[in-house]
Amino acid sequence: MMKPSVVRTRLVRLAVLALLLVAAGVFTLPFLWSLSISFQPPGDVFRWPIKLVPDPFTLENYRRLWTEIPFARWLLNSAGVALAVTSANLFFDALAGYAFARLRFPGRNVLFTLLLATLMVPAHVTLVPKFMLLNALDLVNTYTALVAPAMVQVVGIFLMKQFFESLPRQLEEAAFIDGCNRFQVFWRVVLPTSKPALAALGIYTFQGNWNEFLWPLVVATTSDRFTLPVGLAMFRYEFRVEWTLLMAGAVLIALPTLIIFLVFQRLFIQGIATSGLKE
């Protein structure tokens, strides 16, 4: 006969497992429904009762995405902007984080506190100043306008600083003895040992910019500069909504971030755990 403590432990585990399964179902069901709608004819969207298995099954919505609208151009715009912003953040956030973690200079703590304080400023407040600045520079409706404001993020600087502070200084001291300067130590020693944190930052940044809607909507004025979220919003007309096309596009938008997260899931979780960033 099992001890009461063992029984309680198993009951708790079963309860936690059941709760996780319910939560997974709640979060997964909307995606499954969207996936189902993307394979349905337009007239079946509001059919009752809801069927997760489309009947009839059609690929017409995906064909229309590639033939009736500039979906390929929007896809390239989103991919280019997201990759450019992610690459810039991986370098500049890591560089700034390393400076705050290792260098000693006047006003370091004050400057870092001011950076963290900017996180309390809502992003919507900065829309007008950013737009006015880019308009004065004649950069509105350009790829530069889509990329430049997001090249550095305070969250990324904080994440990388926390990670760098956990690294042993002996590695850097050995590199200094071998004749490396500060930047060479950062580039050749520190960055190669920071893959978990860089993976976490990269996924976080790519996902955020891949799904960004408000800023591209403000700064992109012609359809050839639209990103995918802005382009798909054009399916919401005044008196009707192309739900099947909208869901087909939403599924395609979600696939890249889902694949990237599944591939780098281990590094992402490890980077979050070792950098001290809690969600």
# chains A, B, ... in the order shown; residues from 1 in each chain; ligands from 1
>>> residues_around(residues="segment 126-136 of chain A", least_positions_apart="5", cutoff="12 Å", atoms="only C-alpha atoms", output="PyMOL selection string")
chain A and resi 118-121+141-150+214-220
>>> closest_atom_pairs(of="segment 61-167 of chain A", to="segment 221-235 of chain A", cutoff="7 Å", atoms="only C-alpha atoms", output="tab-separated table")
residue	atom	partner	partner_atom	distance
A:Arg73	CA	A:Asp224	CA	6.9
A:Trp74	CA	A:Thr227	CA	4.8
A:Leu75	CA	A:Leu228	CA	5.9
A:Asn77	CA	A:Thr227	CA	5.5
A:Ser78	CA	A:Thr227	CA	4.8
A:Asn141	CA	A:Thr221	CA	5.7
>>> closest_atom_pairs(of="segment 135-188 of chain A", to="segment 195-208 of chain A", cutoff="10 Å", atoms="only C-alpha atoms", output="CSV")
residue,atom,partner,partner_atom,distance
A:Ala150,CA,A:Thr205,CA,9.2
A:Met151,CA,A:Thr205,CA,9.8
A:Val152,CA,A:Thr205,CA,10.0
A:Gln153,CA,A:Thr205,CA,8.8
A:Val155,CA,A:Leu201,CA,8.8
A:Gly156,CA,A:Leu201,CA,6.2
A:Ile157,CA,A:Leu201,CA,9.4
A:Leu159,CA,A:Ala197,CA,7.4
A:Met160,CA,A:Ala197,CA,6.6
A:Lys161,CA,A:Ala197,CA,9.9
A:Gln162,CA,A:Ala197,CA,9.4
A:Phe163,CA,A:Ala197,CA,6.7
A:Phe164,CA,A:Ala197,CA,9.1
>>> select_by_dssp(residues="segment 29-256 of chain A", states="helix (DSSP H, G or I)", output="number ranges by chain")
A: 29-38, 42-44, 60-67, 71-102, 108-120, 123-136, 143-150, 154-165, 169-177, 182-193, 195-210, 214-219, 223-225, 228-233, 243-256
>>> atom_distance(atom1="atom CA of Ala79 of chain A", atom2="atom CA of Glu212 of chain A")
11.8 Å
>>> residues_around(residues="Asn61 of chain A", least_positions_apart="3", cutoff="7 Å", atoms="only C-alpha atoms", output="list in words")
Ser38, Phe39, Arg64, Leu65, Thr244, Leu245 and Ala248 of chain A
